[in-house]
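Shown next: coords-v9.cif, containing mmCIF, C-alpha atoms.
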```cif
data_target
loop_
_atom_site.group_PDB
_atom_site.id
_atom_site.type_symbol
_atom_site.label_atom_id
_atom_site.label_comp_id
_atom_site.auth_asym_id
_atom_site.auth_seq_id
_atom_site.Cartn_x
_atom_site.Cartn_y
_atom_site.Cartn_z
ATOM 1 C CA MET A 1 -19.673 -8.304 8.445
ATOM 2 C CA ARG A 2 -17.290 -7.922 11.405
ATOM 3 C CA VAL A 3 -14.687 -5.220 10.812
ATOM 4 C CA SER A 4 -11.118 -5.066 12.152
ATOM 5 C CA VAL A 5 -9.244 -1.789 11.615
ATOM 6 C CA ILE A 6 -5.454 -2.157 11.677
ATOM 7 C CA VAL A 7 -3.209 0.867 12.246
ATOM 8 C CA PRO A 8 0.544 0.131 12.009
ATOM 9 C CA THR A 9 2.587 2.813 13.769
ATOM 10 C CA TYR A 10 6.165 3.717 14.632
ATOM 11 C CA ARG A 11 6.944 6.474 17.122
ATOM 12 C CA ARG A 12 4.464 9.071 15.906
ATOM 13 C CA PRO A 13 2.250 9.366 19.008
ATOM 14 C CA ASP A 14 0.747 12.770 18.201
ATOM 15 C CA SER A 15 -0.438 11.637 14.774
ATOM 16 C CA LEU A 16 -1.625 8.312 16.154
ATOM 17 C CA ARG A 17 -3.728 10.077 18.798
ATOM 18 C CA LEU A 18 -5.533 12.130 16.123
ATOM 19 C CA CYS A 19 -6.087 9.027 14.003
ATOM 20 C CA LEU A 20 -7.698 7.177 16.909
ATOM 21 C CA LEU A 21 -9.895 10.195 17.670
ATOM 22 C CA ALA A 22 -11.153 10.111 14.080
ATOM 23 C CA LEU A 23 -11.840 6.371 14.339
ATOM 24 C CA ALA A 24 -13.794 6.989 17.543
ATOM 25 C CA ARG A 25 -16.061 9.391 15.615
ATOM 26 C CA GLN A 26 -17.087 6.893 12.929
ATOM 27 C CA GLN A 27 -20.808 6.818 12.242
ATOM 28 C CA SER A 28 -20.564 3.050 12.013
ATOM 29 C CA GLY A 29 -17.708 1.944 14.239
ATOM 30 C CA PRO A 30 -15.520 -1.126 13.744
ATOM 31 C CA ASP A 31 -15.749 -4.252 15.861
ATOM 32 C CA GLU A 32 -12.133 -3.787 16.866
ATOM 33 C CA ILE A 33 -9.214 -1.405 16.360
ATOM 34 C CA LEU A 34 -5.737 -2.930 16.432
ATOM 35 C CA VAL A 35 -2.704 -0.660 16.755
ATOM 36 C CA VAL A 36 0.484 -2.527 15.846
ATOM 37 C CA ALA A 37 3.647 -1.070 17.370
ATOM 38 C CA ASN A 38 7.149 -2.171 18.252
ATOM 39 C CA SER A 39 7.609 -3.612 21.711
ATOM 40 C CA ASP A 40 9.846 -0.708 22.771
ATOM 41 C CA ASP A 41 7.604 2.045 21.320
ATOM 42 C CA HIS A 42 6.316 3.101 24.731
ATOM 43 C CA ALA A 43 4.914 6.443 23.549
ATOM 44 C CA SER A 44 2.565 4.648 21.148
ATOM 45 C CA HIS A 45 1.628 2.182 23.879
ATOM 46 C CA GLU A 46 0.542 5.101 26.076
ATOM 47 C CA VAL A 47 -1.607 6.563 23.287
ATOM 48 C CA VAL A 48 -3.415 3.232 22.978
ATOM 49 C CA ARG A 49 -3.910 3.012 26.737
ATOM 50 C CA THR A 50 -5.604 6.449 26.831
ATOM 51 C CA ALA A 51 -7.526 6.180 23.520
ATOM 52 C CA PRO A 52 -11.156 7.400 23.515
ATOM 53 C CA ALA A 53 -12.425 4.182 21.912
ATOM 54 C CA PRO A 54 -11.558 0.578 22.801
ATOM 55 C CA VAL A 55 -8.260 -0.168 21.104
ATOM 56 C CA ARG A 56 -6.144 -3.303 21.333
ATOM 57 C CA LEU A 57 -2.359 -3.072 21.220
ATOM 58 C CA VAL A 58 -0.444 -5.653 19.181
ATOM 59 C CA THR A 59 3.315 -5.606 19.648
ATOM 60 C CA THR A 60 6.087 -7.018 17.518
ATOM 61 C CA ASP A 61 9.885 -7.005 17.600
ATOM 62 C CA ARG A 62 10.104 -7.164 13.805
ATOM 63 C CA SER A 63 10.771 -4.001 11.820
ATOM 64 C CA GLY A 64 8.898 -2.779 8.775
ATOM 65 C CA VAL A 65 5.300 -2.047 7.920
ATOM 66 C CA VAL A 66 4.738 -5.422 6.206
ATOM 67 C CA ALA A 67 5.717 -7.328 9.344
ATOM 68 C CA LYS A 68 3.456 -5.076 11.434
ATOM 69 C CA MET A 69 0.477 -5.596 9.138
ATOM 70 C CA ASN A 70 0.949 -9.359 9.194
ATOM 71 C CA ALA A 71 1.086 -9.245 12.992
ATOM 72 C CA GLY A 72 -2.181 -7.300 12.988
ATOM 73 C CA LEU A 73 -3.713 -9.732 10.506
ATOM 74 C CA ASP A 74 -2.801 -12.686 12.745
ATOM 75 C CA ALA A 75 -4.463 -11.003 15.732
ATOM 76 C CA ALA A 76 -7.609 -9.788 13.945
ATOM 77 C CA ALA A 77 -11.030 -11.388 14.414
ATOM 78 C CA GLY A 78 -12.989 -9.559 11.710
ATOM 79 C CA ASP A 79 -14.354 -10.745 8.374
ATOM 80 C CA LEU A 80 -12.961 -7.573 6.831
ATOM 81 C CA ILE A 81 -9.517 -6.057 7.409
ATOM 82 C CA VAL A 82 -9.440 -2.278 6.998
ATOM 83 C CA LEU A 83 -6.082 -0.508 6.934
ATOM 84 C CA THR A 84 -5.129 3.090 7.490
ATOM 85 C CA ASP A 85 -1.962 4.972 8.426
ATOM 86 C CA ASP A 86 -1.199 6.560 11.777
ATOM 87 C CA ASP A 87 -1.051 9.974 10.067
ATOM 88 C CA SER A 88 -4.563 9.750 8.622
ATOM 89 C CA GLN A 89 -7.885 11.052 9.921
ATOM 90 C CA PRO A 90 -10.752 9.111 8.327
ATOM 91 C CA HIS A 91 -13.970 10.987 7.569
ATOM 92 C CA PRO A 92 -16.924 10.099 9.856
ATOM 93 C CA ASP A 93 -18.690 8.091 7.127
ATOM 94 C CA TRP A 94 -15.498 6.339 6.002
ATOM 95 C CA LEU A 95 -16.159 2.865 7.378
ATOM 96 C CA GLU A 96 -19.869 2.925 6.596
ATOM 97 C CA ARG A 97 -19.197 3.682 2.927
ATOM 98 C CA LEU A 98 -16.266 1.271 2.655
ATOM 99 C CA VAL A 99 -18.007 -1.695 4.253
ATOM 100 C CA GLY A 100 -21.240 -1.051 2.354
ATOM 101 C CA THR A 101 -19.431 -1.320 -0.991
ATOM 102 C CA PHE A 102 -18.740 -5.016 -0.360
ATOM 103 C CA ASP A 103 -22.451 -5.859 0.076
ATOM 104 C CA GLY A 104 -23.971 -8.123 -2.536
ATOM 105 C CA ASP A 105 -20.878 -8.866 -4.650
ATOM 106 C CA GLY A 106 -18.647 -11.721 -3.576
ATOM 107 C CA GLN A 107 -16.183 -10.959 -6.367
ATOM 108 C CA ILE A 108 -15.133 -7.693 -4.724
ATOM 109 C CA ALA A 109 -11.899 -8.444 -2.878
ATOM 110 C CA ALA A 110 -10.820 -4.940 -1.868
ATOM 111 C CA VAL A 111 -12.309 -1.468 -1.553
ATOM 112 C CA GLY A 112 -10.676 1.909 -0.975
ATOM 113 C CA GLY A 113 -10.913 5.577 -1.759
ATOM 114 C CA ARG A 114 -9.374 8.995 -1.747
ATOM 115 C CA ASP A 115 -6.732 10.282 0.647
ATOM 116 C CA ARG A 116 -7.018 14.068 0.746
ATOM 117 C CA LEU A 117 -3.508 15.384 1.325
ATOM 118 C CA TYR A 118 -2.651 18.070 3.871
ATOM 119 C CA PHE A 119 0.739 19.689 4.376
ATOM 120 C CA ARG A 120 1.371 21.851 7.438
ATOM 121 C CA GLY A 121 -2.353 21.804 8.092
ATOM 122 C CA GLN A 122 -3.286 23.161 4.661
ATOM 123 C CA PRO A 123 -5.069 21.083 1.998
ATOM 124 C CA TRP A 124 -3.040 20.288 -1.089
ATOM 125 C CA ARG A 125 -5.095 21.003 -4.191
ATOM 126 C CA GLY A 126 -4.068 19.331 -7.396
ATOM 127 C CA PRO A 127 -6.007 18.869 -10.630
ATOM 128 C CA ASP A 128 -8.887 16.396 -10.490
ATOM 129 C CA GLN A 129 -8.024 13.049 -12.069
ATOM 130 C CA PRO A 130 -10.559 10.651 -13.611
ATOM 131 C CA VAL A 131 -8.007 7.829 -14.052
ATOM 132 C CA VAL A 132 -6.880 6.304 -10.762
ATOM 133 C CA GLY A 133 -5.037 3.137 -9.728
ATOM 134 C CA LYS A 134 -4.544 1.548 -13.141
ATOM 135 C CA VAL A 135 -1.784 -0.640 -14.598
ATOM 136 C CA ASP A 136 -1.476 -0.536 -18.376
ATOM 137 C CA SER A 137 -0.266 -3.220 -20.766
ATOM 138 C CA LEU A 138 3.375 -2.152 -20.349
ATOM 139 C CA GLY A 139 3.165 -2.231 -16.558
ATOM 140 C CA ARG A 140 3.066 1.539 -16.173
ATOM 141 C CA VAL A 141 1.247 2.399 -12.955
ATOM 142 C CA THR A 142 -1.080 5.394 -12.569
ATOM 143 C CA GLY A 143 -1.731 6.462 -8.986
ATOM 144 C CA ASN A 144 -3.766 9.662 -8.474
ATOM 145 C CA HIS A 145 -5.644 8.227 -5.458
ATOM 146 C CA HIS A 146 -5.365 11.600 -3.694
ATOM 147 C CA THR A 147 -6.988 13.525 -6.566
ATOM 148 C CA GLY A 148 -9.456 11.000 -7.949
ATOM 149 C CA VAL A 149 -12.966 12.141 -8.867
ATOM 150 C CA GLY A 150 -16.038 10.528 -10.389
ATOM 151 C CA PRO A 151 -18.128 7.480 -9.555
ATOM 152 C CA ALA A 152 -17.016 4.280 -7.870
ATOM 153 C CA ARG A 153 -15.194 2.074 -10.374
ATOM 154 C CA ASP A 154 -12.934 -0.939 -10.827
ATOM 155 C CA VAL A 155 -9.198 -0.303 -10.527
ATOM 156 C CA ASP A 156 -6.017 -2.370 -10.306
ATOM 157 C CA VAL A 157 -4.439 -0.935 -7.174
ATOM 158 C CA LEU A 158 -5.470 0.986 -4.058
ATOM 159 C CA LYS A 159 -3.495 2.999 -1.534
ATOM 160 C CA GLY A 160 -2.674 1.532 1.874
ATOM 161 C CA VAL A 161 -3.886 4.550 3.828
ATOM 162 C CA ASN A 162 -7.450 3.754 2.711
ATOM 163 C CA LEU A 163 -7.913 0.057 2.002
ATOM 164 C CA GLY A 164 -10.262 -2.742 3.053
ATOM 165 C CA VAL A 165 -9.744 -6.416 2.126
ATOM 166 C CA ARG A 166 -11.744 -9.572 2.799
ATOM 167 C CA THR A 167 -9.956 -11.371 5.617
ATOM 168 C CA GLU A 168 -10.288 -14.845 4.098
ATOM 169 C CA LEU A 169 -8.475 -13.719 0.973
ATOM 170 C CA LEU A 170 -5.862 -11.743 2.843
ATOM 171 C CA ARG A 171 -5.000 -14.656 5.088
ATOM 172 C CA ARG A 172 -4.357 -16.791 2.022
ATOM 173 C CA VAL A 173 -1.955 -14.353 0.363
ATOM 174 C CA ARG A 174 -0.751 -12.255 3.331
ATOM 175 C CA PHE A 175 1.345 -9.120 2.996
ATOM 176 C CA ASP A 176 4.367 -9.996 0.902
ATOM 177 C CA GLU A 177 7.477 -10.371 3.072
ATOM 178 C CA ARG A 178 9.735 -10.746 0.056
ATOM 179 C CA LEU A 179 9.505 -6.985 -0.379
ATOM 180 C CA VAL A 180 12.508 -4.969 0.744
ATOM 181 C CA GLY A 181 13.008 -1.607 2.391
ATOM 182 C CA VAL A 182 13.693 -0.023 5.742
ATOM 183 C CA GLY A 183 10.588 1.026 7.633
ATOM 184 C CA THR A 184 8.192 1.120 4.685
ATOM 185 C CA GLN A 185 8.291 -1.551 1.998
ATOM 186 C CA THR A 186 7.198 0.707 -0.855
ATOM 187 C CA HIS A 187 4.668 -0.780 -3.300
ATOM 188 C CA TRP A 188 3.316 -3.385 -0.878
ATOM 189 C CA GLU A 189 -0.169 -2.282 -1.995
ATOM 190 C CA LEU A 190 0.742 -2.997 -5.613
ATOM 191 C CA ALA A 191 1.923 -6.512 -4.721
ATOM 192 C CA LEU A 192 -1.248 -7.245 -2.748
ATOM 193 C CA CYS A 193 -3.774 -5.768 -5.168
ATOM 194 C CA LEU A 194 -2.223 -7.305 -8.277
ATOM 195 C CA THR A 195 -2.241 -10.719 -6.623
ATOM 196 C CA LEU A 196 -5.988 -10.330 -6.078
ATOM 197 C CA ARG A 197 -6.525 -9.012 -9.604
ATOM 198 C CA ARG A 198 -4.542 -11.907 -11.053
ATOM 199 C CA ALA A 199 -6.959 -14.270 -9.307
ATOM 200 C CA GLY A 200 -9.888 -12.577 -11.040
ATOM 201 C CA PHE A 201 -11.271 -10.504 -8.177
ATOM 202 C CA ARG A 202 -12.581 -6.955 -8.370
ATOM 203 C CA ILE A 203 -10.986 -3.959 -6.650
ATOM 204 C CA ILE A 204 -13.134 -0.849 -6.210
ATOM 205 C CA TYR A 205 -12.056 2.784 -5.806
ATOM 206 C CA ASP A 206 -14.662 5.291 -4.641
ATOM 207 C CA PRO A 207 -13.493 8.895 -4.020
ATOM 208 C CA GLU A 208 -16.371 9.365 -1.549
ATOM 209 C CA ILE A 209 -14.639 6.873 0.786
ATOM 210 C CA ALA A 210 -12.232 9.465 2.115
ATOM 211 C CA VAL A 211 -9.539 10.083 4.697
ATOM 212 C CA ASP A 212 -7.566 13.239 5.413
ATOM 213 C CA HIS A 213 -3.898 12.343 5.090
ATOM 214 C CA HIS A 214 -1.263 14.426 6.896
ATOM 215 C CA PRO A 215 2.048 12.840 5.784
ATOM 216 C CA GLN A 216 4.588 12.880 8.605
ATOM 217 C CA PRO A 217 8.350 12.331 8.606
ATOM 218 C CA ARG A 218 9.345 8.701 8.873
ATOM 219 C CA ILE A 219 11.158 7.979 12.129
ATOM 220 C CA ASP A 220 13.468 5.234 10.933
ATOM 221 C CA ASP A 221 16.700 4.725 8.998
ATOM 222 C CA SER A 222 15.143 5.850 5.701
ATOM 223 C CA ARG A 223 14.390 9.484 6.528
ATOM 224 C CA GLN A 224 15.071 10.570 2.974
ATOM 225 C CA PHE A 225 14.136 8.913 -0.303
ATOM 226 C CA GLY A 226 17.653 8.459 -1.600
ATOM 227 C CA PRO A 227 19.218 5.952 -4.019
ATOM 228 C CA ALA A 228 18.917 3.012 -1.599
ATOM 229 C CA GLU A 229 15.200 3.646 -1.061
ATOM 230 C CA LEU A 230 14.676 4.074 -4.815
ATOM 231 C CA ARG A 231 16.470 0.782 -5.512
ATOM 232 C CA ASP A 232 14.255 -1.032 -2.989
ATOM 233 C CA ALA A 233 11.077 0.558 -4.367
ATOM 234 C CA VAL A 234 11.969 -0.437 -7.938
ATOM 235 C CA HIS A 235 12.769 -3.989 -6.785
ATOM 236 C CA ASN A 236 9.332 -4.284 -5.197
ATOM 237 C CA ARG A 237 7.511 -2.783 -8.165
ATOM 238 C CA THR A 238 9.364 -4.991 -10.642
ATOM 239 C CA LEU A 239 8.628 -8.164 -8.680
ATOM 240 C CA ALA A 240 4.913 -7.327 -8.351
ATOM 241 C CA LEU A 241 4.523 -6.452 -12.032
ATOM 242 C CA LEU A 242 6.407 -9.462 -13.371
ATOM 243 C CA GLU A 243 4.104 -11.740 -11.378
ATOM 244 C CA TYR A 244 1.018 -9.913 -12.666
ATOM 245 C CA LEU A 245 1.728 -9.286 -16.342
ATOM 246 C CA PRO A 246 1.144 -11.983 -18.976
ATOM 247 C CA ALA A 247 4.326 -13.680 -20.185
ATOM 248 C CA GLY A 248 4.402 -11.757 -23.457
ATOM 249 C CA ARG A 249 4.181 -8.402 -21.676
ATOM 250 C CA ARG A 250 7.016 -8.958 -19.202
ATOM 251 C CA PRO A 251 9.872 -8.308 -21.681
ATOM 252 C CA LEU A 252 8.063 -5.200 -22.926
ATOM 253 C CA HIS A 253 7.745 -3.873 -19.390
ATOM 254 C CA LEU A 254 11.427 -4.486 -18.664
ATOM 255 C CA ALA A 255 12.440 -2.825 -21.937
ATOM 256 C CA TRP A 256 10.324 0.242 -21.117
ATOM 257 C CA ALA A 257 11.603 0.439 -17.516
ATOM 258 C CA MET A 258 15.261 0.142 -18.522
ATOM 259 C CA LEU A 259 15.226 2.225 -21.687
ATOM 260 C CA VAL A 260 12.614 4.896 -20.850
ATOM 261 C CA GLY A 261 11.384 4.863 -17.252
ATOM 262 C CA THR A 262 9.990 7.841 -15.372
ATOM 263 C CA GLY A 263 11.353 11.012 -13.867
ATOM 264 C CA VAL A 264 11.599 9.315 -10.463
ATOM 265 C CA SER A 265 12.914 5.936 -11.652
ATOM 266 C CA PRO A 266 14.764 6.824 -14.865
ATOM 267 C CA GLY A 267 15.643 4.574 -17.736
ATOM 268 C CA LEU A 268 18.222 5.564 -20.342
ATOM 269 C CA ALA A 269 16.020 8.158 -22.068
ATOM 270 C CA GLN A 270 15.113 9.842 -18.783
ATOM 271 C CA LEU A 271 18.790 9.856 -17.789
ATOM 272 C CA VAL A 272 19.667 11.761 -20.967
ATOM 273 C CA ARG A 273 16.810 14.213 -20.368
ATOM 274 C CA ARG A 274 17.703 14.838 -16.700
ATOM 275 C CA ALA A 275 21.485 14.869 -16.949
ATOM 276 C CA PRO A 276 21.912 18.526 -18.056
ATOM 277 C CA LYS A 277 20.049 19.742 -14.949
ATOM 278 C CA GLY A 278 22.019 17.631 -12.476
ATOM 279 C CA PRO A 279 24.284 14.911 -13.865
ATOM 280 C CA ARG A 280 25.337 13.398 -10.523
ATOM 281 C CA ALA A 281 21.801 13.125 -9.156
ATOM 282 C CA ALA A 282 20.511 11.801 -12.485
ATOM 283 C CA TRP A 283 23.241 9.164 -12.644
ATOM 284 C CA ARG A 284 22.628 8.015 -9.042
ATOM 285 C CA SER A 285 18.906 7.643 -9.723
ATOM 286 C CA PHE A 286 19.599 5.776 -12.952
ATOM 287 C CA VAL A 287 21.987 3.320 -11.282
ATOM 288 C CA ALA A 288 19.595 2.760 -8.377
ATOM 289 C CA THR A 289 16.723 2.117 -10.793
ATOM 290 C CA GLN A 290 18.634 -0.322 -12.962
ATOM 291 C CA THR A 291 19.928 -2.157 -9.895
ATOM 292 C CA GLY A 292 16.411 -2.406 -8.503
ATOM 293 C CA ILE A 293 15.111 -3.806 -11.796
ATOM 294 C CA LEU A 294 17.807 -6.472 -11.915
ATOM 295 C CA GLN A 295 17.240 -7.428 -8.286
ATOM 296 C CA GLY A 296 13.494 -7.625 -8.893
ATOM 297 C CA VAL A 297 14.048 -9.918 -11.892
ATOM 298 C CA ARG A 298 16.299 -12.164 -9.794
ATOM 299 C CA ALA A 299 13.683 -12.325 -7.005
ATOM 300 C CA TYR A 300 10.981 -13.208 -9.531
ATOM 301 C CA ARG A 301 13.074 -15.965 -11.075
ATOM 302 C CA ALA A 302 14.034 -17.359 -7.672
ATOM 303 C CA CYS A 303 10.377 -17.684 -6.686
ATOM 304 C CA ARG A 304 9.456 -19.290 -9.990
ATOM 305 C CA HIS A 305 12.103 -21.947 -9.395
ATOM 306 C CA GLY A 306 11.123 -22.503 -5.778
ATOM 307 C CA HIS A 307 14.015 -20.665 -4.130
ATOM 308 C CA GLY A 308 11.969 -17.887 -2.535
ATOM 309 C CA GLN A 309 8.745 -17.276 -0.662
ATOM 310 C CA ALA A 310 5.929 -17.458 -3.183
ATOM 311 C CA GLN A 311 3.250 -14.828 -2.915
ATOM 312 C CA GLY A 312 -0.353 -16.064 -3.144
ATOM 313 C CA THR A 313 -1.312 -17.565 -6.486
ATOM 314 C CA THR A 314 -4.635 -18.248 -8.089
ATOM 315 C CA THR A 315 -4.513 -21.788 -6.770
ATOM 316 C CA ASN A 316 -4.367 -20.461 -3.213
ATOM 317 C CA ILE A 317 -7.445 -18.250 -3.535
ATOM 318 C CA PRO A 318 -11.043 -19.446 -3.780
ATOM 319 C CA SER A 319 -12.820 -18.517 -6.996
ATOM 320 C CA GLU A 320 -15.456 -16.619 -5.029
ATOM 321 C CA ILE A 321 -16.182 -15.492 -1.509
ATOM 322 C CA THR A 322 -19.787 -15.614 -0.362
#
```
In structure tokens, how does this file's structure come out?
Amino acid sequence: MRVSVIVPTYRRPDSLRLCLLALARQQSGPDEILVVANSDDHASHEVVRTAPAPVRLVTTDRSGVVAKMNAGLDAAAGDLIVLTDDDSQPHPDWLERLVGTFDGDGQIAAVGGRDRLYFRGQPWRGPDQPVVGKVDSLGRVTGNHHTGVGPARDVDVLKGVNLGVRTELLRRVRFDERLVGVGTQTHWELALCLTLRRAGFRIIYDPEIAVDHHPQPRIDDSRQFGPAELRDAVHNRTLALLEYLPAGRRPLHLAWAMLVGTGVSPGLAQLVRRAPKGPRAAWRSFVATQTGILQGVRAYRACRHGHGQAQGTTTNIPSEIT
């Protein structure tokens, strides 16, 4: 299985250099490494030129991580697309474990693992979590990819910093360019993975497939996760979930999201709970969340009626990959 590693980047040359060093130390190296950068990101271009392992630069004039990943996908030659972030440092056995998980099961569409978080060079230690990457019947999403423990198992969603997908499938569905956001289109992994799950494919999470993740500031117009970024994230999540959930579950999800919600994306109940501690901030988050939900519903309806770009459907994906 030929392997193409894609690293989208935007003006973080120091982090990118460390990422490429880690890729050069893989026990089983990829067939190609593609760094996707903006045409005017000369610092990243220089890192690629001086990289310790053969790296190919792919340039684009389009903004956003989704556009970069699609540019990398179009340029890739591998049978397997493996994604990581420019602020990650994959463990030496990362690719060997990830690629090996695909062997012998054509129903596995995607494989990923744990991203061990570091802040200011120090590991972040949270409680171990046995439940990772699941979507329940109401459309509530459990992450926990950075603290997952236990054996390899089937999940519903993986994290983009540590994700491999069969190229044939990915080329059929692509990274969803309906998603909104400046710089990072939050929840693109949810949209991709749920499309594959809806088609009946397996997605595997194995905490032994690990990268060290050193989150860095985003060098774009969305430096802080404010109301606009929250609205965009909720739009993307709503669109992905409405396309995934059975028809009878969609109204239940919308009712939960609008009436209850979470601490980050509050519904009415969370607004009431948060308001005494900071009424202005709570109200801004509530308005952003409700706006994002409504925009996501409109995007979903537009695509159903043929007025938007349709993400991959089960008719676009082969029933099995051999």
Please expand the PyMOL selection byres ((chain A and resi 14) around 12) into the concrete residues it hits in this file, giving the result as a PyMOL selection string.
chain A and resi 9-13+15-21+43-44+46-48+51+86-88+214+216
Do a neighbour search on Ala110 in chain A at 9 Å with all atoms listed in the file, toss out local chain neighbours closer than 2 positions, and write the hits as a PDB file with C-alpha atoms, in the frame of the given file.
```pdb
ATOM      1  CA  PHE A 102     -18.740  -5.016  -0.360  1.00  0.00           C
ATOM      2  CA  ILE A 108     -15.133  -7.693  -4.724  1.00  0.00           C
ATOM      3  CA  GLY A 112     -10.676   1.909  -0.975  1.00  0.00           C
ATOM      4  CA  LEU A 158      -5.470   0.986  -4.058  1.00  0.00           C
ATOM      5  CA  LEU A 163      -7.913   0.057   2.002  1.00  0.00           C
ATOM      6  CA  GLY A 164     -10.262  -2.742   3.053  1.00  0.00           C
ATOM      7  CA  VAL A 165      -9.744  -6.416   2.126  1.00  0.00           C
ATOM      8  CA  ARG A 166     -11.744  -9.572   2.799  1.00  0.00           C
ATOM      9  CA  CYS A 193      -3.774  -5.768  -5.168  1.00  0.00           C
ATOM     10  CA  LEU A 196      -5.988 -10.330  -6.078  1.00  0.00           C
ATOM     11  CA  PHE A 201     -11.271 -10.504  -8.177  1.00  0.00           C
ATOM     12  CA  ARG A 202     -12.581  -6.955  -8.370  1.00  0.00           C
ATOM     13  CA  ILE A 203     -10.986  -3.959  -6.650  1.00  0.00           C
ATOM     14  CA  ILE A 204     -13.134  -0.849  -6.210  1.00  0.00           C
ATOM     15  CA  TYR A 205     -12.056   2.784  -5.806  1.00  0.00           C
TER      16      TYR A 205
END
```
Write out as a list in words which residues come within 12 Å of Glu32 in chain A when counting only C-alpha atoms, dropping same-chain ones fewer than 4 positions away.
Arg2, Val3, Ser4, Val5, Ile6, Val7, Leu20, Leu23, Ala24, Ser28, Ala53, Pro54, Val55, Arg56, Leu57, Gly72, Ala75, Ala76, Ala77, Gly78, Asp79, Leu80, Ile81 and Val82 of chain A
If you keep C-alpha atoms, can you produce a file of those selected residues as a CSV table (one decimal), keeping the file's coordinate frame?
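Once written, selection.csv looks like this:
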```csv
chain,number,residue,atom,x,y,z
A,2,ARG,CA,-17.3,-7.9,11.4
A,3,VAL,CA,-14.7,-5.2,10.8
A,4,SER,CA,-11.1,-5.1,12.2
A,5,VAL,CA,-9.2,-1.8,11.6
A,6,ILE,CA,-5.5,-2.2,11.7
A,7,VAL,CA,-3.2,0.9,12.2
A,20,LEU,CA,-7.7,7.2,16.9
A,23,LEU,CA,-11.8,6.4,14.3
A,24,ALA,CA,-13.8,7.0,17.5
A,28,SER,CA,-20.6,3.0,12.0
A,53,ALA,CA,-12.4,4.2,21.9
A,54,PRO,CA,-11.6,0.6,22.8
A,55,VAL,CA,-8.3,-0.2,21.1
A,56,ARG,CA,-6.1,-3.3,21.3
A,57,LEU,CA,-2.4,-3.1,21.2
A,72,GLY,CA,-2.2,-7.3,13.0
A,75,ALA,CA,-4.5,-11.0,15.7
A,76,ALA,CA,-7.6,-9.8,13.9
A,77,ALA,CA,-11.0,-11.4,14.4
A,78,GLY,CA,-13.0,-9.6,11.7
A,79,ASP,CA,-14.4,-10.7,8.4
A,80,LEU,CA,-13.0,-7.6,6.8
A,81,ILE,CA,-9.5,-6.1,7.4
A,82,VAL,CA,-9.4,-2.3,7.0
```
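Taking CA of Leu271 in chain A and CA of Val135 in chain A as endpoints, the distance between them is 23.3 Å.
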Give the answer as one residue: which of A:Leu83, A:Leu169, A:Ala240, A:Val155 has the shortest atom-to-atom distance to Leu190 in chain A, using all atoms listed in the file?
A:Ala240
For Asp232 in chain A, list every protein, DNA or RNA residue within 8 Å, evaluated using only C-alpha atoms, and leave out those in the same chain fewer than 6 positions away; present the list as a VMD selection string.
chain A and resid 180 to 181 185 to 186 292
Nearby residues (all atoms listed in the file) at most 12 Å from Leu194 in chain A, same-chain spacing under 6 positions excluded, as an MDAnalysis selection string
chainID A and resid 109:110 133:135 139 141 155:158 173 175:176 187:188 200:203 237 239:245 311:314
Export C-alpha atoms of the chosen residues as a PDB file, in the frame of the given file?
```
ATOM      1  CA  ALA A 109     -11.899  -8.444  -2.878  1.00  0.00           C
ATOM      2  CA  ALA A 110     -10.820  -4.940  -1.868  1.00  0.00           C
ATOM      3  CA  GLY A 133      -5.037   3.137  -9.728  1.00  0.00           C
ATOM      4  CA  LYS A 134      -4.544   1.548 -13.141  1.00  0.00           C
ATOM      5  CA  VAL A 135      -1.784  -0.640 -14.598  1.00  0.00           C
ATOM      6  CA  GLY A 139       3.165  -2.231 -16.558  1.00  0.00           C
ATOM      7  CA  VAL A 141       1.247   2.399 -12.955  1.00  0.00           C
ATOM      8  CA  VAL A 155      -9.198  -0.303 -10.527  1.00  0.00           C
ATOM      9  CA  ASP A 156      -6.017  -2.370 -10.306  1.00  0.00           C
ATOM     10  CA  VAL A 157      -4.439  -0.935  -7.174  1.00  0.00           C
ATOM     11  CA  LEU A 158      -5.470   0.986  -4.058  1.00  0.00           C
ATOM     12  CA  VAL A 173      -1.955 -14.353   0.363  1.00  0.00           C
ATOM     13  CA  PHE A 175       1.345  -9.120   2.996  1.00  0.00           C
ATOM     14  CA  ASP A 176       4.367  -9.996   0.902  1.00  0.00           C
ATOM     15  CA  HIS A 187       4.668  -0.780  -3.300  1.00  0.00           C
ATOM     16  CA  TRP A 188       3.316  -3.385  -0.878  1.00  0.00           C
ATOM     17  CA  GLY A 200      -9.888 -12.577 -11.040  1.00  0.00           C
ATOM     18  CA  PHE A 201     -11.271 -10.504  -8.177  1.00  0.00           C
ATOM     19  CA  ARG A 202     -12.581  -6.955  -8.370  1.00  0.00           C
ATOM     20  CA  ILE A 203     -10.986  -3.959  -6.650  1.00  0.00           C
ATOM     21  CA  ARG A 237       7.511  -2.783  -8.165  1.00  0.00           C
ATOM     22  CA  LEU A 239       8.628  -8.164  -8.680  1.00  0.00           C
ATOM     23  CA  ALA A 240       4.913  -7.327  -8.351  1.00  0.00           C
ATOM     24  CA  LEU A 241       4.523  -6.452 -12.032  1.00  0.00           C
ATOM     25  CA  LEU A 242       6.407  -9.462 -13.371  1.00  0.00           C
ATOM     26  CA  GLU A 243       4.104 -11.740 -11.378  1.00  0.00           C
ATOM     27  CA  TYR A 244       1.018  -9.913 -12.666  1.00  0.00           C
ATOM     28  CA  LEU A 245       1.728  -9.286 -16.342  1.00  0.00           C
ATOM     29  CA  GLN A 311       3.250 -14.828  -2.915  1.00  0.00           C
ATOM     30  CA  GLY A 312      -0.353 -16.064  -3.144  1.00  0.00           C
ATOM     31  CA  THR A 313      -1.312 -17.565  -6.486  1.00  0.00           C
ATOM     32  CA  THR A 314      -4.635 -18.248  -8.089  1.00  0.00           C
TER      33      THR A 314
END
```
